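As stored in structure33.cif (mmCIF, C-alpha atoms):
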```cif
data_target
#
loop_
_atom_site.label_atom_id
_atom_site.label_comp_id
_atom_site.auth_asym_id
_atom_site.auth_seq_id
_atom_site.Cartn_x
_atom_site.Cartn_y
_atom_site.Cartn_z
CA ASP B 1 74.60 101.78 52.31
CA ARG B 2 71.88 104.30 52.89
CA ASP B 3 70.59 104.96 56.36
CA LEU B 4 66.87 105.19 57.07
CA ALA B 5 66.90 108.99 57.42
CA ASP B 6 68.52 109.38 53.98
CA VAL B 7 65.98 107.12 52.29
CA ALA B 8 63.06 108.78 54.12
CA GLY B 9 64.34 112.21 53.08
CA GLN B 10 64.49 111.17 49.47
CA VAL B 11 60.97 109.73 49.56
CA ILE B 12 59.62 112.91 51.15
CA THR B 13 61.40 115.22 48.69
CA GLY B 14 60.44 113.14 45.68
CA GLY B 15 63.59 111.24 44.90
CA GLN B 16 67.30 111.48 44.49
CA ALA B 17 69.42 114.55 44.80
CA PRO B 18 70.17 116.34 41.54
CA ALA B 19 73.24 115.40 39.55
CA PRO B 20 76.46 116.94 40.85
CA ASP B 21 77.49 120.17 39.15
CA ARG B 22 80.67 118.52 37.96
CA PHE B 23 81.74 114.90 37.46
CA GLY B 24 84.71 113.61 35.51
CA PRO B 25 85.37 116.03 32.65
CA TYR B 26 81.72 117.20 32.51
CA THR B 27 80.15 120.33 33.99
CA ILE B 28 76.33 120.38 34.18
CA THR B 29 74.95 123.67 32.82
CA ARG B 30 71.16 123.26 32.78
CA VAL B 31 68.23 120.86 32.69
CA LEU B 32 67.13 119.96 29.16
CA GLY B 33 64.16 117.80 30.09
CA GLU B 34 62.63 115.25 32.39
CA GLY B 35 60.91 112.02 31.54
CA GLY B 36 59.56 108.96 33.25
CA MET B 37 62.96 107.37 33.81
CA GLY B 38 65.37 110.24 34.15
CA VAL B 39 66.51 113.80 33.89
CA VAL B 40 68.55 115.03 30.93
CA TYR B 41 71.08 117.81 31.48
CA ALA B 42 73.22 119.86 29.13
CA ALA B 43 76.88 119.56 30.07
CA THR B 44 80.10 121.02 28.78
CA ARG B 45 83.41 119.31 28.44
CA GLU B 46 85.94 122.10 28.78
CA ASP B 47 88.99 120.10 27.67
CA LEU B 48 87.38 119.34 24.29
CA GLY B 49 85.22 122.45 24.04
CA THR B 50 82.08 120.38 23.44
CA VAL B 51 78.51 120.21 24.71
CA ALA B 52 76.80 116.91 25.50
CA ALA B 53 73.54 115.66 26.98
CA VAL B 54 73.76 113.72 30.24
CA LYS B 55 70.88 111.42 31.18
CA VAL B 56 70.68 110.50 34.87
CA LEU B 57 68.37 107.77 36.14
CA ARG B 58 65.78 109.20 38.49
CA ASP B 59 65.22 107.23 41.72
CA ALA B 60 67.81 104.59 40.83
CA TRP B 61 67.83 103.36 44.42
CA VAL B 62 64.10 102.48 44.34
CA SER B 63 64.06 99.65 41.83
CA PRO B 64 66.58 97.21 40.37
CA ASP B 65 64.18 96.92 37.39
CA ARG B 66 64.58 100.65 36.62
CA ARG B 67 68.38 100.28 36.74
CA ASP B 68 68.15 97.29 34.40
CA ARG B 69 66.00 99.23 31.89
CA PHE B 70 68.41 102.19 32.06
CA ALA B 71 71.34 99.85 31.39
CA ALA B 72 69.40 98.33 28.48
CA GLU B 73 68.95 101.83 27.00
CA GLN B 74 72.72 102.35 27.25
CA ARG B 75 73.41 99.06 25.47
CA THR B 76 70.85 99.89 22.79
CA LEU B 77 72.38 103.29 22.07
CA ALA B 78 75.87 101.80 22.04
CA GLN B 79 74.96 99.52 19.12
CA LEU B 80 73.13 102.15 17.04
CA ASN B 81 75.59 104.13 14.96
CA HIS B 82 73.54 106.16 12.49
CA PRO B 83 73.60 109.84 11.42
CA HIS B 84 69.94 110.29 12.42
CA ILE B 85 70.23 108.71 15.89
CA ALA B 86 71.81 110.58 18.81
CA ARG B 87 75.11 108.88 19.70
CA LEU B 88 76.18 107.46 23.05
CA TYR B 89 79.57 108.80 24.22
CA ASP B 90 80.13 107.64 27.77
CA ALA B 91 78.46 105.95 30.75
CA GLY B 92 79.06 105.41 34.44
CA ALA B 93 77.63 105.95 37.91
CA PHE B 94 77.92 108.61 40.59
CA ALA B 95 79.46 107.76 43.97
CA ASP B 96 75.98 106.88 45.32
CA GLY B 97 75.48 104.32 42.53
CA THR B 98 73.12 106.45 40.41
CA PRO B 99 73.79 105.55 36.75
CA TRP B 100 74.24 108.13 34.00
CA PHE B 101 75.21 108.25 30.38
CA VAL B 102 76.49 110.95 28.08
CA MET B 103 75.14 111.29 24.57
CA GLU B 104 75.24 113.64 21.65
CA TYR B 105 73.66 117.02 22.42
CA VAL B 106 71.11 117.92 19.76
CA ASP B 107 70.32 121.62 19.45
CA GLY B 108 67.01 121.36 17.67
CA LEU B 109 63.24 121.55 17.73
CA PRO B 110 60.69 118.75 17.93
CA LEU B 111 59.74 117.59 14.43
CA THR B 112 56.25 119.14 14.34
CA GLU B 113 57.44 122.46 15.77
CA TYR B 114 60.27 122.60 13.22
CA CYS B 115 57.81 121.98 10.36
CA ARG B 116 55.36 124.62 11.62
CA SER B 117 57.93 127.29 12.42
CA GLY B 118 59.58 126.92 9.01
CA ALA B 119 56.25 126.63 7.18
CA LEU B 120 57.78 123.65 5.38
CA SER B 121 56.32 122.37 2.13
CA ILE B 122 54.95 118.85 1.86
CA ALA B 123 58.08 117.83 -0.06
CA ALA B 124 60.36 119.18 2.71
CA ARG B 125 58.28 117.42 5.38
CA LEU B 126 58.51 114.16 3.44
CA ARG B 127 62.32 114.49 3.28
CA LEU B 128 62.39 114.76 7.08
CA PHE B 129 60.02 111.80 7.38
CA HIS B 130 62.33 109.81 5.10
CA ASP B 131 65.24 110.54 7.47
CA VAL B 132 63.15 109.40 10.44
CA CYS B 133 62.29 106.20 8.57
CA GLU B 134 65.98 105.57 7.85
CA ALA B 135 66.79 105.90 11.56
CA VAL B 136 63.95 103.57 12.54
CA GLN B 137 64.95 101.08 9.83
CA HIS B 138 68.54 101.13 11.14
CA ALA B 139 67.26 100.34 14.64
CA HIS B 140 65.11 97.52 13.27
CA ARG B 141 68.11 96.05 11.41
CA HIS B 142 69.77 95.90 14.84
CA LEU B 143 66.65 94.20 16.27
CA VAL B 144 65.60 97.28 18.27
CA LEU B 145 62.03 98.61 18.47
CA HIS B 146 61.94 102.22 19.68
CA ARG B 147 58.34 102.04 21.00
CA ASP B 148 58.08 105.78 21.74
CA LEU B 149 58.18 107.56 18.39
CA LYS B 150 56.68 111.00 18.88
CA PRO B 151 57.64 114.54 17.83
CA SER B 152 59.41 115.33 21.13
CA ASN B 153 61.73 112.33 20.56
CA ILE B 154 62.56 113.44 17.01
CA LEU B 155 64.53 116.68 16.93
CA VAL B 156 65.50 118.65 13.84
CA THR B 157 68.56 120.91 13.93
CA LYS B 158 68.71 124.40 12.43
CA ASP B 159 70.32 122.95 9.31
CA GLY B 160 67.54 120.36 8.87
CA GLN B 161 69.23 117.26 10.31
CA VAL B 162 66.88 114.76 11.99
CA LYS B 163 67.99 113.09 15.24
CA LEU B 164 66.03 110.31 16.91
CA LEU B 165 66.29 110.34 20.72
CA ASP B 166 65.14 108.48 23.81
CA PHE B 167 65.37 104.73 23.52
CA GLY B 168 64.28 104.42 27.17
CA ILE B 169 61.44 101.99 26.48
CA ALA B 170 62.96 100.34 23.42
CA LYS B 171 62.96 96.56 23.26
CA GLN B 172 65.29 94.07 21.66
CA ILE B 173 63.14 92.08 19.23
CA GLU B 174 64.35 88.75 20.57
CA ASN B 175 63.10 89.81 24.03
CA LEU B 176 59.57 90.82 23.00
CA GLU B 177 57.98 87.75 24.52
CA THR B 178 58.89 89.15 27.96
CA ALA B 179 57.46 92.63 27.21
#
```
Show me this structure written as structure tokens.
Amino acid sequence: DRDLADVAGQVITGGQAPAPDRFGPYTITRVLGEGGMGVVYAATREDLGTVAAVKVLRDAWVSPDRRDRFAAEQRTLAQLNHPHIARLYDAGAFADGTPWFVMEYVDGLPLTEYCRSGALSIAARLRLFHDVCEAVQHAHRHLVLHRDLKPSNILVTKDGQVKLLDFGIAKQIENLETA
């Protein structure tokens, strides 16, 4: 239970406290980005020698609806196993109830930036577009509409691998009538 002073402090400062520096086997190293629903951090897992991305729901205490949408994103990622979609690895909540999930860290550039910086030919750009289409088609086969396809949600690694990210506003097709 939160006391009034704690809630008032969070409202005044703009929301929840940042993620802890360490939780479970993960150590937060830096902020990767912020969106409407959450903050994404880079984290290391020392025991495995890996890097992952940790998404933490911003202002989880404000709205049960936001928690439900965050949980829906977790479930969506859990069912999408495709080489061009960032994978979900783990999920849980901090002691204060703030939900988080751990996903594949993608060291890459947004699609348009990758194409510009590499001065890619039309044929090379079409190969990347084909990979994006395969990822989207895979999601559709699992009755998931991404609903936020844009260059910043499509990263390309140094070796040219496409990864589709951020299913935060995705919808299950059978639930579209409630959208």
Mind giving me the axis-aligned box for stretch 109-127 of chain B with 5 Å on every side, centre plus edges in Å to one decimal, as lines of an AutoDock Vina configuration file?
```
center_x = 59.1
center_y = 120.7
center_z = 8.9
size_x = 18.3
size_y = 23.1
size_z = 28.0
```
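When atom CA of B:Phe101 is paired with atom CA of B:Val132, their separation reads 23.3 Å.
What the PyMOL selection byres ((chain B and resi 40) around 8) grabs from this file is Val31, Leu32, Gly33, Glu34, Gly38, Val39, Tyr41, Ala42, Ala53, Val54, Lys55 and Val56 of chain B.
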Inset, instruction - Would you mind listing what lies within 12 Å of stretch 105-107 of chain B as a PyMOL selection string, with all atoms listed in the file counted and same-chain residues fewer than 4 positions away left out? - result: chain B and resi 32+40-45+50-55+83-89+101+114+153-166
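Proximity to B:Gln74 at 8 Å, evaluated using only C-alpha atoms and with sequence-adjacent residues fewer than 3 positions away removed, yields Phe70, Ala71, Leu77, Ala78, Leu88, Ala91 and Phe101 of chain B.
Take atom CA of B:His146 and atom CA of B:Arg75: the distance between them is 13.2 Å.
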Inset, instruction - Find, counting only C-alpha atoms, the residue in B:Leu48, B:Ala93, B:Met37, B:Leu120 that gets nearest to B:Arg69. - result: B:Met37
Inset, instruction - Quick one: apply the PyMOL selection byres ((chain B and resi 144) around 9) to the file and drop the selected residues here as a PyMOL selection string. - result: chain B and resi 76+136+138-143+145-146+170-174
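Rounded to one decimal, atom CA of B:Arg58 and atom CA of B:His82 lie 27.3 Å from each other.
Take the PyMOL selection byres ((chain B and resi 98) around 8) and apply it to this file: it picks Val56, Leu57, Ala60, Trp61, Ala93, Phe94, Ala95, Asp96, Gly97, Pro99 and Trp100 of chain B.
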Atom completion result for stretch 20-31 of chain B (all heavy atoms) as a PDB file, in the coordinates of the input:
```
ATOM      1  N   PRO B  20      75.453 115.977  40.399  1.00  0.00           N
ATOM      2  CA  PRO B  20      76.460 116.940  40.850  1.00  0.00           C
ATOM      3  C   PRO B  20      76.747 117.953  39.747  1.00  0.00           C
ATOM      4  O   PRO B  20      76.557 117.663  38.563  1.00  0.00           O
ATOM      5  CB  PRO B  20      77.677 116.069  41.143  1.00  0.00           C
ATOM      6  CG  PRO B  20      77.424 114.765  40.480  1.00  0.00           C
ATOM      7  CD  PRO B  20      75.958 114.614  40.295  1.00  0.00           C
ATOM      8  N   ASP B  21      77.183 119.132  40.137  1.00  0.00           N
ATOM      9  CA  ASP B  21      77.490 120.170  39.150  1.00  0.00           C
ATOM     10  C   ASP B  21      78.632 119.759  38.226  1.00  0.00           C
ATOM     11  O   ASP B  21      78.691 120.172  37.079  1.00  0.00           O
ATOM     12  CB  ASP B  21      77.862 121.488  39.834  1.00  0.00           C
ATOM     13  CG  ASP B  21      76.684 122.129  40.538  1.00  0.00           C
ATOM     14  OD1 ASP B  21      75.527 121.814  40.176  1.00  0.00           O
ATOM     15  OD2 ASP B  21      76.910 122.945  41.444  1.00  0.00           O
ATOM     16  N   ARG B  22      79.521 118.948  38.743  1.00  0.00           N
ATOM     17  CA  ARG B  22      80.670 118.520  37.960  1.00  0.00           C
ATOM     18  C   ARG B  22      80.994 117.066  38.289  1.00  0.00           C
ATOM     19  O   ARG B  22      80.964 116.668  39.447  1.00  0.00           O
ATOM     20  CB  ARG B  22      81.874 119.404  38.274  1.00  0.00           C
ATOM     21  CG  ARG B  22      83.090 119.070  37.460  1.00  0.00           C
ATOM     22  CD  ARG B  22      84.153 120.173  37.590  1.00  0.00           C
ATOM     23  NE  ARG B  22      85.316 119.817  36.846  1.00  0.00           N
ATOM     24  CZ  ARG B  22      85.438 119.898  35.526  1.00  0.00           C
ATOM     25  NH1 ARG B  22      84.436 120.349  34.811  1.00  0.00           N
ATOM     26  NH2 ARG B  22      86.529 119.540  34.907  1.00  0.00           N
ATOM     27  N   PHE B  23      81.272 116.262  37.260  1.00  0.00           N
ATOM     28  CA  PHE B  23      81.740 114.900  37.460  1.00  0.00           C
ATOM     29  C   PHE B  23      82.622 114.547  36.284  1.00  0.00           C
ATOM     30  O   PHE B  23      82.324 114.878  35.149  1.00  0.00           O
ATOM     31  CB  PHE B  23      80.582 113.901  37.632  1.00  0.00           C
ATOM     32  CG  PHE B  23      79.709 113.765  36.424  1.00  0.00           C
ATOM     33  CD1 PHE B  23      79.880 112.707  35.549  1.00  0.00           C
ATOM     34  CD2 PHE B  23      78.732 114.698  36.144  1.00  0.00           C
ATOM     35  CE1 PHE B  23      79.083 112.582  34.422  1.00  0.00           C
ATOM     36  CE2 PHE B  23      77.931 114.579  35.034  1.00  0.00           C
ATOM     37  CZ  PHE B  23      78.108 113.515  34.169  1.00  0.00           C
ATOM     38  N   GLY B  24      83.750 113.901  36.573  1.00  0.00           N
ATOM     39  CA  GLY B  24      84.710 113.610  35.510  1.00  0.00           C
ATOM     40  C   GLY B  24      85.022 114.890  34.762  1.00  0.00           C
ATOM     41  O   GLY B  24      85.175 115.951  35.360  1.00  0.00           O
ATOM     42  N   PRO B  25      85.072 114.826  33.434  1.00  0.00           N
ATOM     43  CA  PRO B  25      85.370 116.030  32.650  1.00  0.00           C
ATOM     44  C   PRO B  25      84.148 116.889  32.345  1.00  0.00           C
ATOM     45  O   PRO B  25      84.249 117.882  31.636  1.00  0.00           O
ATOM     46  CB  PRO B  25      85.961 115.447  31.362  1.00  0.00           C
ATOM     47  CG  PRO B  25      85.259 114.141  31.203  1.00  0.00           C
ATOM     48  CD  PRO B  25      85.058 113.617  32.611  1.00  0.00           C
ATOM     49  N   TYR B  26      82.969 116.531  32.869  1.00  0.00           N
ATOM     50  CA  TYR B  26      81.720 117.200  32.510  1.00  0.00           C
ATOM     51  C   TYR B  26      81.256 118.191  33.572  1.00  0.00           C
ATOM     52  O   TYR B  26      81.336 117.911  34.761  1.00  0.00           O
ATOM     53  CB  TYR B  26      80.601 116.169  32.268  1.00  0.00           C
ATOM     54  CG  TYR B  26      80.957 115.156  31.217  1.00  0.00           C
ATOM     55  CD1 TYR B  26      81.384 113.874  31.565  1.00  0.00           C
ATOM     56  CD2 TYR B  26      80.894 115.475  29.866  1.00  0.00           C
ATOM     57  CE1 TYR B  26      81.723 112.952  30.599  1.00  0.00           C
ATOM     58  CE2 TYR B  26      81.233 114.556  28.900  1.00  0.00           C
ATOM     59  CZ  TYR B  26      81.650 113.295  29.267  1.00  0.00           C
ATOM     60  OH  TYR B  26      81.994 112.380  28.306  1.00  0.00           O
ATOM     61  N   THR B  27      80.753 119.329  33.114  1.00  0.00           N
ATOM     62  CA  THR B  27      80.150 120.330  33.990  1.00  0.00           C
ATOM     63  C   THR B  27      78.696 120.510  33.551  1.00  0.00           C
ATOM     64  O   THR B  27      78.429 120.879  32.408  1.00  0.00           O
ATOM     65  CB  THR B  27      80.884 121.683  33.903  1.00  0.00           C
ATOM     66  OG1 THR B  27      82.247 121.474  34.261  1.00  0.00           O
ATOM     67  CG2 THR B  27      80.254 122.707  34.839  1.00  0.00           C
ATOM     68  N   ILE B  28      77.759 120.228  34.464  1.00  0.00           N
ATOM     69  CA  ILE B  28      76.330 120.380  34.180  1.00  0.00           C
ATOM     70  C   ILE B  28      76.020 121.877  34.067  1.00  0.00           C
ATOM     71  O   ILE B  28      76.409 122.662  34.921  1.00  0.00           O
ATOM     72  CB  ILE B  28      75.477 119.751  35.298  1.00  0.00           C
ATOM     73  CG1 ILE B  28      75.785 118.259  35.459  1.00  0.00           C
ATOM     74  CG2 ILE B  28      73.988 120.012  35.066  1.00  0.00           C
ATOM     75  CD1 ILE B  28      75.375 117.394  34.305  1.00  0.00           C
ATOM     76  N   THR B  29      75.291 122.259  33.006  1.00  0.00           N
ATOM     77  CA  THR B  29      74.950 123.670  32.820  1.00  0.00           C
ATOM     78  C   THR B  29      73.471 123.973  32.978  1.00  0.00           C
ATOM     79  O   THR B  29      73.118 125.064  33.421  1.00  0.00           O
ATOM     80  CB  THR B  29      75.427 124.172  31.434  1.00  0.00           C
ATOM     81  OG1 THR B  29      74.829 123.366  30.412  1.00  0.00           O
ATOM     82  CG2 THR B  29      76.948 124.098  31.320  1.00  0.00           C
ATOM     83  N   ARG B  30      72.593 123.019  32.629  1.00  0.00           N
ATOM     84  CA  ARG B  30      71.160 123.260  32.780  1.00  0.00           C
ATOM     85  C   ARG B  30      70.380 121.968  32.537  1.00  0.00           C
ATOM     86  O   ARG B  30      70.903 121.011  31.981  1.00  0.00           O
ATOM     87  CB  ARG B  30      70.673 124.347  31.824  1.00  0.00           C
ATOM     88  CG  ARG B  30      70.660 123.965  30.361  1.00  0.00           C
ATOM     89  CD  ARG B  30      70.261 125.151  29.468  1.00  0.00           C
ATOM     90  NE  ARG B  30      70.059 124.783  28.115  1.00  0.00           N
ATOM     91  CZ  ARG B  30      71.003 124.546  27.206  1.00  0.00           C
ATOM     92  NH1 ARG B  30      72.262 124.640  27.553  1.00  0.00           N
ATOM     93  NH2 ARG B  30      70.695 124.220  25.969  1.00  0.00           N
ATOM     94  N   VAL B  31      69.124 121.993  32.946  1.00  0.00           N
ATOM     95  CA  VAL B  31      68.230 120.860  32.690  1.00  0.00           C
ATOM     96  C   VAL B  31      67.655 121.018  31.292  1.00  0.00           C
ATOM     97  O   VAL B  31      67.170 122.091  30.925  1.00  0.00           O
ATOM     98  CB  VAL B  31      67.074 120.825  33.729  1.00  0.00           C
ATOM     99  CG1 VAL B  31      66.059 119.749  33.362  1.00  0.00           C
ATOM    100  CG2 VAL B  31      67.614 120.600  35.126  1.00  0.00           C
TER     101      VAL B  31
END
```
